[in-house]
>>> print(open('work33.csv').read())   # CSV, C-alpha atoms and all ligand atoms
chain,number,residue,atom,x,y,z
A,1,MET,CA,91.2,8.2,54.4
A,2,ALA,CA,90.2,7.9,50.7
A,3,GLU,CA,86.9,6.3,50.0
A,4,LYS,CA,87.3,2.5,49.9
A,5,GLY,CA,87.0,0.6,46.6
A,6,PHE,CA,83.7,-0.8,45.3
A,7,GLY,CA,84.6,-4.4,46.2
A,8,THR,CA,85.6,-3.5,49.7
A,9,ARG,CA,82.4,-1.5,50.2
A,10,ALA,CA,80.2,-4.3,48.7
A,11,ILE,CA,81.7,-6.6,51.3
A,12,HIS,CA,81.8,-4.4,54.4
A,13,GLU,CA,79.4,-1.4,54.1
A,14,GLY,CA,76.2,-1.7,56.1
A,15,ASN,CA,77.2,-4.8,57.9
A,16,ILE,CA,75.5,-5.4,61.3
A,17,ARG,CA,77.8,-7.1,63.8
A,18,ASP,CA,76.2,-10.2,65.4
A,19,THR,CA,76.9,-9.4,69.1
A,20,GLN,CA,74.9,-12.4,70.3
A,21,PHE,CA,76.9,-15.3,68.7
A,22,GLY,CA,79.4,-13.5,66.5
A,23,ALA,CA,78.3,-15.0,63.2
A,24,LEU,CA,80.4,-13.8,60.3
A,25,THR,CA,77.5,-13.7,57.9
A,26,MET,CA,74.1,-12.0,58.6
A,27,PRO,CA,71.6,-14.6,59.9
A,28,ILE,CA,68.3,-15.0,58.0
A,29,TYR,CA,65.8,-13.5,60.4
A,30,GLN,CA,63.0,-15.7,59.1
A,31,THR,CA,60.3,-14.2,61.2
A,32,SER,CA,57.1,-12.3,60.4
A,33,THR,CA,56.9,-10.4,63.7
A,34,PHE,CA,59.1,-9.1,66.6
A,35,VAL,CA,58.3,-9.4,70.3
A,36,PHE,CA,57.8,-6.2,72.4
A,37,ASP,CA,58.9,-6.1,76.1
A,38,ASP,CA,55.6,-4.4,77.0
A,39,CYS,CA,52.8,-2.3,75.5
A,40,ALA,CA,54.7,1.0,76.0
A,41,GLN,CA,57.5,-0.3,73.8
A,42,GLY,CA,55.1,-1.5,71.1
A,43,ALA,CA,53.4,1.9,71.1
A,44,ALA,CA,56.7,3.7,71.0
A,45,ARG,CA,57.9,1.7,68.0
A,46,PHE,CA,54.6,2.3,66.1
A,47,ALA,CA,54.9,6.0,66.9
A,48,GLY,CA,58.5,6.1,65.6
A,49,LYS,CA,59.8,7.1,69.0
A,50,GLU,CA,61.9,4.0,69.5
A,51,ASP,CA,64.1,2.2,67.0
A,52,GLY,CA,63.6,-1.5,66.6
A,53,PHE,CA,61.6,-3.9,64.5
A,54,ILE,CA,57.8,-4.4,64.5
A,55,TYR,CA,56.7,-6.6,61.7
A,56,THR,CA,58.7,-7.8,58.6
A,57,ARG,CA,56.5,-5.8,56.1
A,58,LEU,CA,57.8,-2.7,57.9
A,59,GLY,CA,61.4,-3.9,58.4
A,60,ASN,CA,63.6,-6.8,59.2
A,61,PRO,CA,67.3,-7.0,60.2
A,62,THR,CA,68.4,-9.2,57.2
A,63,ILE,CA,66.5,-6.9,54.8
A,64,LYS,CA,67.8,-3.8,56.5
A,65,MET,CA,71.4,-4.9,56.0
A,66,VAL,CA,71.0,-5.5,52.3
A,67,GLN,CA,69.1,-2.1,52.0
A,68,ASP,CA,72.0,-0.3,53.7
A,69,LYS,CA,74.6,-2.0,51.5
A,70,VAL,CA,72.7,-1.1,48.3
A,71,ALA,CA,72.2,2.5,49.4
A,72,ALA,CA,76.0,2.7,50.0
A,73,LEU,CA,76.9,1.2,46.6
A,74,GLU,CA,74.5,3.6,44.8
A,75,GLY,CA,75.7,6.6,46.9
A,76,GLY,CA,72.1,7.2,48.2
A,77,GLU,CA,71.0,8.1,51.7
A,78,ALA,CA,68.5,5.3,52.0
A,79,CYS,CA,67.1,2.2,50.2
A,80,GLN,CA,63.9,0.3,50.3
A,81,ALA,CA,63.8,-3.4,49.3
A,82,ALA,CA,60.9,-4.9,47.4
A,83,ALA,CA,59.7,-8.4,46.3
A,84,SER,CA,60.7,-7.8,42.7
A,85,GLY,CA,62.0,-5.2,40.3
A,86,MET,CA,58.4,-4.5,39.3
A,87,GLY,CA,57.5,-4.3,43.0
A,88,ALA,CA,60.2,-1.6,43.5
A,89,ILE,CA,59.1,0.3,40.4
A,90,SER,CA,55.4,0.3,41.2
A,91,SER,CA,56.0,1.2,44.9
A,92,CYS,CA,58.2,4.0,43.7
A,93,ILE,CA,55.7,5.3,41.1
A,94,TRP,CA,52.8,5.2,43.6
A,95,SER,CA,55.0,7.2,46.0
A,96,ILE,CA,55.4,10.0,43.4
A,97,ALA,CA,52.4,10.0,41.1
A,98,GLY,CA,48.6,10.2,41.6
A,99,ALA,CA,45.5,11.4,39.8
A,100,GLY,CA,46.1,14.6,37.9
A,101,LYS,CA,49.9,14.2,37.8
A,102,LYS,CA,52.0,13.5,34.7
A,103,ILE,CA,54.9,11.1,34.2
A,104,VAL,CA,57.3,11.7,31.3
A,105,ALA,CA,58.8,8.4,30.4
A,106,ASP,CA,61.2,7.1,27.8
A,107,LYS,CA,59.5,4.9,25.3
A,108,THR,CA,62.1,2.2,25.5
A,109,LEU,CA,61.7,0.4,28.7
A,110,TYR,CA,61.5,-3.2,30.1
A,111,GLY,CA,58.2,-4.6,28.8
A,112,CYS,CA,56.4,-4.8,32.1
A,113,THR,CA,57.5,-1.3,33.1
A,114,PHE,CA,56.1,-0.1,29.8
A,115,ALA,CA,52.8,-2.0,30.6
A,116,LEU,CA,52.6,-0.4,34.1
A,117,LEU,CA,53.0,3.1,32.7
A,118,SER,CA,51.0,2.7,29.5
A,119,ALA,CA,48.1,0.6,30.6
A,120,GLY,CA,48.4,0.5,34.4
A,121,VAL,CA,48.7,3.8,36.2
A,122,THR,CA,46.8,5.6,33.4
A,123,GLN,CA,43.6,3.8,34.7
A,124,TYR,CA,43.9,5.8,37.9
A,125,GLY,CA,44.1,9.3,36.5
A,126,VAL,CA,47.8,9.5,36.0
A,127,GLU,CA,48.9,11.0,32.6
A,128,VAL,CA,51.9,9.4,30.9
A,129,GLU,CA,53.7,10.8,27.9
A,130,PHE,CA,56.3,8.6,26.2
A,131,ILE,CA,59.2,10.4,24.6
A,132,ASP,CA,62.8,9.8,23.5
A,133,CYS,CA,64.8,10.9,26.5
A,134,SER,CA,68.0,11.0,24.5
A,135,ASN,CA,66.5,13.9,22.6
A,136,MET,CA,66.6,17.0,24.9
A,137,ASP,CA,64.1,18.9,22.8
A,138,GLU,CA,61.5,16.2,23.4
A,139,VAL,CA,62.3,16.3,27.1
A,140,LYS,CA,61.8,20.1,27.3
A,141,ALA,CA,58.6,20.0,25.3
A,142,ALA,CA,57.1,17.3,27.5
A,143,LEU,CA,57.5,19.0,30.9
A,144,THR,CA,54.4,20.6,32.2
A,145,ASP,CA,53.2,22.1,35.5
A,146,ASN,CA,51.7,18.8,36.6
A,147,THR,CA,54.8,16.7,35.7
A,148,CYS,CA,56.0,14.9,38.8
A,149,CYS,CA,58.5,12.4,37.3
A,150,VAL,CA,60.8,11.7,34.5
A,151,TYR,CA,61.4,8.0,34.1
A,152,LEU,CA,64.1,6.3,32.1
A,153,GLU,CA,66.5,3.3,31.7
A,154,THR,CA,70.1,3.8,30.6
A,155,PRO,CA,71.3,1.6,29.0
A,156,ALA,CA,67.7,0.8,28.0
A,157,ASN,CA,66.3,-2.7,27.8
A,158,PRO,CA,66.7,-4.1,25.1
A,159,ASN,CA,68.3,-1.8,22.6
A,160,MET,CA,70.9,-0.3,24.9
A,161,LYS,CA,69.9,3.3,24.1
A,162,ILE,CA,71.9,5.7,26.3
A,163,THR,CA,70.4,8.7,28.0
A,164,ASP,CA,72.5,11.6,29.4
A,165,ILE,CA,71.4,11.4,33.1
A,166,ALA,CA,73.1,14.7,34.1
A,167,LYS,CA,71.4,16.6,31.2
A,168,ILE,CA,68.0,15.2,32.0
A,169,ALA,CA,68.4,16.1,35.7
A,170,GLU,CA,69.5,19.6,34.8
A,171,ILE,CA,66.5,20.2,32.4
A,172,ALA,CA,63.9,18.6,34.7
A,173,HIS,CA,65.1,20.3,37.9
A,174,GLY,CA,65.6,23.6,36.1
A,175,TYR,CA,61.9,23.4,35.1
A,176,ASN,CA,60.7,22.3,38.6
A,177,LYS,CA,63.1,21.2,41.4
A,178,ASP,CA,60.4,18.9,42.8
A,179,ILE,CA,60.3,16.7,39.6
A,180,LYS,CA,61.7,13.3,40.5
A,181,VAL,CA,64.2,12.0,37.9
A,182,VAL,CA,63.9,8.2,38.3
A,183,CYS,CA,66.6,6.0,36.6
A,184,ASP,CA,66.4,2.2,36.3
A,185,ASN,CA,70.0,1.2,36.8
A,186,THR,CA,69.4,-2.5,36.4
A,187,PHE,CA,71.4,-2.9,33.2
A,188,ALA,CA,74.5,-0.9,34.3
A,189,SER,CA,74.5,-1.9,38.0
A,190,PRO,CA,76.0,0.5,40.6
A,191,TYR,CA,79.4,-1.0,39.7
A,192,CYS,CA,79.3,0.7,36.2
A,193,GLN,CA,77.1,3.7,36.9
A,194,GLN,CA,75.7,5.7,39.8
A,195,PRO,CA,72.8,7.8,38.6
A,196,LEU,CA,72.4,9.7,41.9
A,197,SER,CA,75.9,11.2,41.6
A,198,LEU,CA,74.9,12.5,38.1
A,199,GLY,CA,71.8,14.3,39.4
A,200,ALA,CA,69.0,11.7,39.4
A,201,ASP,CA,66.8,11.7,42.4
A,202,VAL,CA,65.9,8.0,42.6
A,203,VAL,CA,67.4,4.7,41.4
A,204,VAL,CA,65.3,1.6,40.9
A,205,HIS,CA,66.6,-1.9,40.4
A,206,SER,CA,65.6,-5.4,39.5
A,207,ALA,CA,67.9,-7.1,42.0
A,208,THR,CA,67.0,-10.3,40.2
A,209,LYS,CA,69.8,-9.4,37.9
A,210,TYR,CA,73.4,-8.2,38.6
A,211,LEU,CA,72.9,-7.3,42.3
A,212,ASN,CA,72.1,-10.9,43.2
A,213,GLY,CA,73.9,-12.3,40.2
A,214,HIS,CA,73.1,-16.0,40.5
A,215,GLY,CA,69.7,-16.4,38.9
A,216,ASP,CA,68.0,-17.7,42.0
A,217,VAL,CA,66.1,-14.6,43.4
A,218,ILE,CA,63.4,-12.2,42.3
A,219,ALA,CA,63.9,-8.9,44.1
A,220,GLY,CA,64.1,-5.1,43.7
A,221,PHE,CA,65.3,-1.9,45.3
A,222,VAL,CA,64.5,1.8,45.4
A,223,VAL,CA,67.3,4.1,46.4
A,224,GLY,CA,67.1,7.9,47.1
A,225,ASP,CA,67.1,10.5,49.8
A,226,ALA,CA,65.9,9.5,53.3
A,227,GLU,CA,62.7,11.4,53.1
A,228,PHE,CA,61.6,9.9,49.8
A,229,ILE,CA,62.6,6.4,50.8
A,230,GLN,CA,60.6,6.8,54.1
A,231,ARG,CA,57.6,7.5,51.9
A,232,VAL,CA,58.3,4.5,49.6
A,233,ALA,CA,58.7,2.3,52.7
A,234,MET,CA,55.7,3.6,54.7
A,235,PHE,CA,53.3,4.3,51.8
A,236,GLY,CA,54.5,2.7,48.6
A,237,VAL,CA,55.5,-0.7,50.0
A,238,LYS,CA,53.6,-0.8,53.3
A,239,ASP,CA,50.2,0.3,52.0
A,240,MET,CA,50.1,0.5,48.2
A,241,THR,CA,51.8,-2.6,46.9
A,242,GLY,CA,52.7,-4.8,49.9
A,243,SER,CA,55.7,-5.8,47.8
A,244,VAL,CA,57.9,-7.0,50.6
A,245,MET,CA,61.3,-8.7,50.0
A,246,GLY,CA,61.7,-12.0,51.9
A,247,PRO,CA,64.5,-12.4,54.5
A,248,PHE,CA,65.9,-15.4,52.5
A,249,GLU,CA,66.1,-13.3,49.3
A,250,ALA,CA,67.9,-10.6,51.3
A,251,PHE,CA,70.4,-13.2,52.5
A,252,LEU,CA,71.0,-14.4,49.0
A,253,ILE,CA,71.6,-10.9,47.7
A,254,LEU,CA,74.0,-10.2,50.6
A,255,ARG,CA,75.8,-13.3,49.5
A,256,GLY,CA,75.8,-12.2,45.8
A,257,LEU,CA,77.0,-8.7,46.6
A,258,LYS,CA,80.2,-10.1,48.2
A,259,THR,CA,81.4,-11.0,44.7
A,260,MET,CA,79.8,-8.2,42.8
A,261,GLU,CA,83.0,-6.4,41.8
A,262,VAL,CA,84.8,-9.5,40.4
A,263,ARG,CA,81.6,-10.6,38.7
A,264,MET,CA,81.1,-7.2,37.1
A,265,MET,CA,84.7,-7.0,35.9
A,266,ARG,CA,84.2,-10.3,34.1
A,267,HIS,CA,80.8,-9.3,32.7
A,268,CYS,CA,82.3,-6.1,31.3
A,269,GLU,CA,85.3,-7.9,29.9
A,270,ASN,CA,83.2,-10.5,28.2
A,271,GLY,CA,80.7,-7.9,27.0
A,272,MET,CA,83.4,-6.0,25.2
A,273,LYS,CA,85.0,-9.1,23.6
A,274,ILE,CA,81.7,-10.5,22.4
A,275,ALA,CA,80.5,-7.1,21.1
A,276,GLN,CA,83.8,-6.9,19.1
A,277,TYR,CA,83.2,-10.4,17.7
A,278,LEU,CA,79.6,-9.6,16.8
A,279,GLU,CA,80.7,-6.4,15.0
A,280,LYS,CA,82.8,-8.5,12.6
A,281,GLN,CA,80.2,-11.3,12.2
A,282,PRO,CA,78.8,-10.9,8.6
A,283,LYS,CA,75.3,-12.0,9.5
A,284,VAL,CA,74.9,-9.3,12.1
A,285,THR,CA,73.6,-6.1,10.7
A,286,LYS,CA,73.9,-4.0,13.9
A,287,VAL,CA,75.5,-4.3,17.3
A,288,ASN,CA,74.3,-2.3,20.3
A,289,TYR,CA,76.9,-2.1,23.0
A,290,PRO,CA,77.9,1.1,24.8
A,291,GLY,CA,81.5,0.2,24.7
A,292,LEU,CA,81.8,0.2,20.9
A,293,GLU,CA,82.9,3.4,19.4
A,294,SER,CA,80.5,2.8,16.6
A,295,PHE,CA,77.5,2.9,19.0
A,296,PRO,CA,75.7,6.2,18.9
A,297,GLY,CA,75.5,6.5,22.8
A,298,HIS,CA,79.2,5.6,23.2
A,299,GLU,CA,80.4,9.1,24.1
A,300,VAL,CA,77.7,9.7,26.8
A,301,ALA,CA,78.2,6.2,28.1
A,302,ALA,CA,81.9,6.7,28.4
A,303,LYS,CA,81.2,9.7,30.6
A,304,GLN,CA,78.6,8.1,32.9
A,305,MET,CA,79.6,4.4,33.0
A,306,THR,CA,82.8,4.9,34.8
A,307,ARG,CA,84.1,1.4,35.4
A,308,GLY,CA,82.9,-0.4,32.3
A,309,PHE,CA,80.1,-0.9,29.8
A,310,GLY,CA,78.4,-3.9,31.4
A,311,GLY,CA,77.5,-7.3,30.1
A,312,MET,CA,74.4,-6.6,28.1
A,313,ILE,CA,74.4,-6.5,24.2
A,314,SER,CA,71.7,-6.5,21.6
A,315,PHE,CA,72.3,-7.1,18.0
A,316,GLU,CA,70.3,-7.5,14.8
A,317,VAL,CA,70.1,-10.1,12.1
A,318,ALA,CA,68.1,-9.8,8.9
A,319,THR,CA,64.9,-11.5,10.0
A,320,LYS,CA,63.1,-13.0,13.0
A,321,ALA,CA,63.5,-16.4,11.4
A,322,GLU,CA,67.3,-16.0,11.3
A,323,GLY,CA,67.2,-14.9,14.9
A,324,GLU,CA,65.2,-17.9,15.9
A,325,LYS,CA,67.5,-20.3,14.0
A,326,LEU,CA,70.5,-18.7,15.8
A,327,CYS,CA,68.9,-19.0,19.3
A,328,ASN,CA,67.8,-22.6,18.6
A,329,SER,CA,71.3,-23.6,17.4
A,330,LEU,CA,73.2,-22.5,20.5
A,331,LYS,CA,74.6,-25.2,22.8
A,332,LEU,CA,76.3,-23.3,25.6
A,333,CYS,CA,74.4,-20.0,25.6
A,334,THR,CA,71.0,-20.6,27.2
A,335,LEU,CA,67.7,-19.5,25.7
A,336,ALA,CA,66.0,-17.7,28.6
A,337,VAL,CA,64.8,-14.2,29.7
A,338,SER,CA,66.4,-12.4,32.7
A,339,LEU,CA,70.0,-11.3,32.7
A,340,GLY,CA,73.0,-10.6,34.9
A,341,ASP,CA,73.5,-14.3,35.8
A,342,ALA,CA,76.6,-16.5,35.6
A,343,GLU,CA,75.2,-18.3,32.6
A,344,THR,CA,75.1,-16.5,29.2
A,345,LEU,CA,71.4,-15.9,28.4
A,346,ILE,CA,69.9,-15.2,25.0
A,347,GLU,CA,66.4,-14.1,24.1
A,348,HIS,CA,64.2,-12.5,21.4
A,349,PRO,CA,62.8,-9.2,22.9
A,350,ALA,CA,59.9,-8.7,20.4
A,351,SER,CA,58.3,-12.0,21.3
A,352,MET,CA,59.4,-12.3,24.9
A,353,THR,CA,60.5,-9.5,27.3
A,354,HIS,CA,58.8,-6.8,25.1
A,355,SER,CA,55.7,-8.7,24.0
A,356,THR,CA,53.7,-6.1,26.0
A,357,TYR,CA,54.5,-3.6,23.2
A,358,SER,CA,52.2,-3.7,20.1
A,359,PRO,CA,54.1,-4.0,16.7
A,360,GLU,CA,53.7,-0.3,16.2
A,361,GLU,CA,55.0,0.5,19.7
A,362,LEU,CA,58.0,-1.9,19.1
A,363,ALA,CA,58.9,0.0,15.9
A,364,GLU,CA,58.5,3.4,17.7
A,365,ALA,CA,60.7,2.2,20.6
A,366,GLY,CA,63.4,0.9,18.3
A,367,ILE,CA,63.0,-2.8,18.9
A,368,PRO,CA,63.0,-4.6,15.5
A,369,GLU,CA,61.8,-8.2,15.0
A,370,GLY,CA,65.4,-9.2,14.1
A,371,MET,CA,66.8,-8.0,17.4
A,372,ILE,CA,68.4,-10.6,19.7
A,373,ARG,CA,69.5,-9.8,23.3
A,374,LEU,CA,72.5,-11.4,24.9
A,375,SER,CA,73.4,-11.3,28.6
A,376,CYS,CA,77.1,-12.2,28.6
A,377,GLY,CA,77.7,-14.5,31.5
A,378,LEU,CA,80.8,-15.4,33.4
A,379,GLU,CA,82.0,-18.3,31.2
A,380,ASN,CA,85.2,-17.9,29.3
A,381,ALA,CA,84.6,-15.4,26.4
A,382,ASP,CA,86.3,-17.8,23.9
A,383,ASP,CA,83.8,-20.5,24.7
A,384,ILE,CA,80.8,-18.1,24.3
A,385,ILE,CA,82.2,-16.8,21.0
A,386,ALA,CA,82.8,-20.3,19.7
A,387,ASP,CA,79.2,-21.3,20.5
A,388,LEU,CA,77.9,-18.1,18.8
A,389,ASP,CA,80.1,-18.8,15.8
A,390,GLN,CA,78.8,-22.4,15.3
A,391,ALA,CA,75.2,-21.1,15.6
A,392,PHE,CA,75.8,-18.3,13.1
A,393,ALA,CA,77.1,-21.0,10.7
A,394,GLN,CA,73.7,-22.6,10.8
A,395,ILE,CA,71.9,-19.5,9.3
A,401,LIG,N1,63.8,-3.2,35.1
A,401,LIG,C1,64.5,-3.7,34.1
A,401,LIG,C2,65.4,-2.9,33.4
A,401,LIG,C3,64.3,-5.1,33.9
A,401,LIG,O1,65.1,-5.6,32.9
A,401,LIG,C4,63.4,-5.9,34.6
A,401,LIG,C5,63.2,-7.3,34.4
A,401,LIG,C6,62.7,-5.2,35.6
A,401,LIG,C7,62.9,-3.9,35.9
A,401,LIG,C8,61.7,-5.9,36.5
A,401,LIG,O2,62.3,-6.7,37.4
A,401,LIG,P1,61.7,-8.1,38.1
A,401,LIG,O3,60.4,-7.7,38.6
A,401,LIG,O4,61.6,-9.1,37.0
A,401,LIG,O5,62.7,-8.4,39.1
A,401,LIG,N2,63.7,-7.7,33.2
A,401,LIG,C9,63.6,-8.9,32.6
A,401,LIG,C10,64.2,-9.2,31.4
A,401,LIG,O6,64.7,-8.4,30.6
A,401,LIG,N3,64.0,-10.5,31.2
A,401,LIG,O7,63.3,-11.1,32.2
A,401,LIG,C11,63.0,-10.1,33.2
>>> encode(input="work33.csv", output="structure tokens")
Amino acid sequence: MAEKGFGTRAIHEGNIRDTQFGALTMPIYQTSTFVFDDCAQGAARFAGKEDGFIYTRLGNPTIKMVQDKVAALEGGEACQAAASGMGAISSCIWSIAGAGKKIVADKTLYGCTFALLSAGVTQYGVEVEFIDCSNMDEVKAALTDNTCCVYLETPANPNMKITDIAKIAEIAHGYNKDIKVVCDNTFASPYCQQPLSLGADVVVHSATKYLNGHGDVIAGFVVGDAEFIQRVAMFGVKDMTGSVMGPFEAFLILRGLKTMEVRMMRHCENGMKIAQYLEKQPKVTKVNYPGLESFPGHEVAAKQMTRGFGGMISFEVATKAEGEKLCNSLKLCTLAVSLGDAETLIEHPASMTHSTYSPEELAEAGIPEGMIRLSCGLENADDIIADLDQAFAQI
């Protein structure tokens, strides 16, 4: 039988049947520990000789189900949940890098990921070189014998820069097959793009965003091959970060995933309509949306974002003051960081999500002061556009 559609898989893959009471939805196993029948069973579980749960930092049924579902949607062998996107990223990085190793990272990243890589891991003997991953000459020049990881976001937060995942994987693995190509797939979501199928080794997510989709959870995931995820689970999360997802968060994400396909269809549709509106708006000097033919990354995006271009847009106005006036004049669109929610959210990256960058680093990363980021929500596109239009009339 042909592979089932994304919506069907989001609803049915990884489900664990409740044989005790027959509950349709996965119960919230709100427990810190699990009871052993006897000492032999406890010892066998700790030794990995018997399946079964031990302690929620090491595994939990509700969390297992959401992990298996996300692994299936990303086309990965296994998945490890974390307490946040940053928990997933740091648990992943500590499972790859250590003193004496080098990470090659794109210079345009979510602000806290940039802080982790530029000011965090470097304190512990890890070398990090920031480059432009959309420039393959820079990628080739950065690879060295101690390189263990190439780290990127595509589309990148906040300027939507597109990186060719297949090309990066080919270059990195051609240099050394053990280099882990890690792709943050938060902006695209597995509905639009599956980096593992393009050659990436690991996908990380802030599940706070599209995977949950309702703005009521902080959570993250790491997806990859079973051996690597075992290391992330039993070293990265268990020992290094302790960044454990809660059972209630797992439950809420399971609930969110049931509607993921219909939500993403609407996010993509609204993203395209709003990007086309912004392109015609005289006060906008530049629109960054992978679906626009005018966008430099469009061709690569069309190749690797197979179901749509997502709901994230950034655009530029002439000055920071104009951007602030615009944001302060909106009535429907909400001034808040985060993204991927039902509500349309707008923010100013240079002073908010990317305030961890110095002014020089912002310029280097392609994040100007006049840039505004828009997470197109699930409202009716005409209403979002009307709100933007009245706000633009104020500047
Ligand atoms: N990766 C990306 C691409 C992100 O955008 C974020 C958060 C993270 C990782 C970290 O995830 P968290 O720990 O927050 O779950 N991005 C945010 C943003 O752009 N606005 O607020 C948070």
>>> residues_around(input="work33.csv", residues="region 205-215 of chain A", least_positions_apart="3", cutoff="6 Å", atoms="only C-alpha atoms", output="JSON list (two decimals) with C-alpha atoms, in the coordinates of the input")
[["chain", "number", "residue", "atom", "x", "y", "z"],
["A", 85, "GLY", "CA", 62.00, -5.20, 40.30],
["A", 184, "ASP", "CA", 66.40, 2.20, 36.30],
["A", 185, "ASN", "CA", 70.00, 1.20, 36.80],
["A", 186, "THR", "CA", 69.40, -2.50, 36.40],
["A", 218, "ILE", "CA", 63.40, -12.20, 42.30],
["A", 219, "ALA", "CA", 63.90, -8.90, 44.10],
["A", 220, "GLY", "CA", 64.10, -5.10, 43.70],
["A", 221, "PHE", "CA", 65.30, -1.90, 45.30],
["A", 253, "ILE", "CA", 71.60, -10.90, 47.70],
["A", 256, "GLY", "CA", 75.80, -12.20, 45.80],
["A", 339, "LEU", "CA", 70.00, -11.30, 32.70],
["A", 340, "GLY", "CA", 73.00, -10.60, 34.90],
["A", 341, "ASP", "CA", 73.50, -14.30, 35.80]]
>>> atom_distance(input="work33.csv", atom1="CA of Gln41 (chain A)", atom2="CA of Tyr29 (chain A)")
20.6 Å
>>> atom_distance(input="work33.csv", atom1="CA of Ser95 (chain A)", atom2="CA of Ala81 (chain A)")
14.2 Å
>>> residues_around(input="work33.csv", residues="region 297-303 of chain A", least_positions_apart="4", cutoff="8 Å", atoms="all atoms listed in the file", output="VMD selection string")
chain A and resid 161 to 164 290 to 293 309
>>> write_last_selection(input="work33.csv", atoms="C-alpha atoms", output="PDB file, keeping the file's coordinate frame")
ATOM      1  CA  LYS A 161      69.900   3.300  24.100  1.00  0.00           C
ATOM      2  CA  ILE A 162      71.900   5.700  26.300  1.00  0.00           C
ATOM      3  CA  THR A 163      70.400   8.700  28.000  1.00  0.00           C
ATOM      4  CA  ASP A 164      72.500  11.600  29.400  1.00  0.00           C
ATOM      5  CA  PRO A 290      77.900   1.100  24.800  1.00  0.00           C
ATOM      6  CA  GLY A 291      81.500   0.200  24.700  1.00  0.00           C
ATOM      7  CA  LEU A 292      81.800   0.200  20.900  1.00  0.00           C
ATOM      8  CA  GLU A 293      82.900   3.400  19.400  1.00  0.00           C
ATOM      9  CA  PHE A 309      80.100  -0.900  29.800  1.00  0.00           C
TER      10      PHE A 309
END
>>> closest_residue(input="work33.csv", among="A:Gly14, A:Pro61, A:Gly323, A:Pro155", to="Ser134 (chain A)", atoms="all atoms listed in the file")
A:Pro155
>>> closest_residue(input="work33.csv", among="A:Leu143, A:Leu196, A:Met234, A:Leu254", to="Met26 (chain A)", atoms="all atoms listed in the file")
A:Leu254
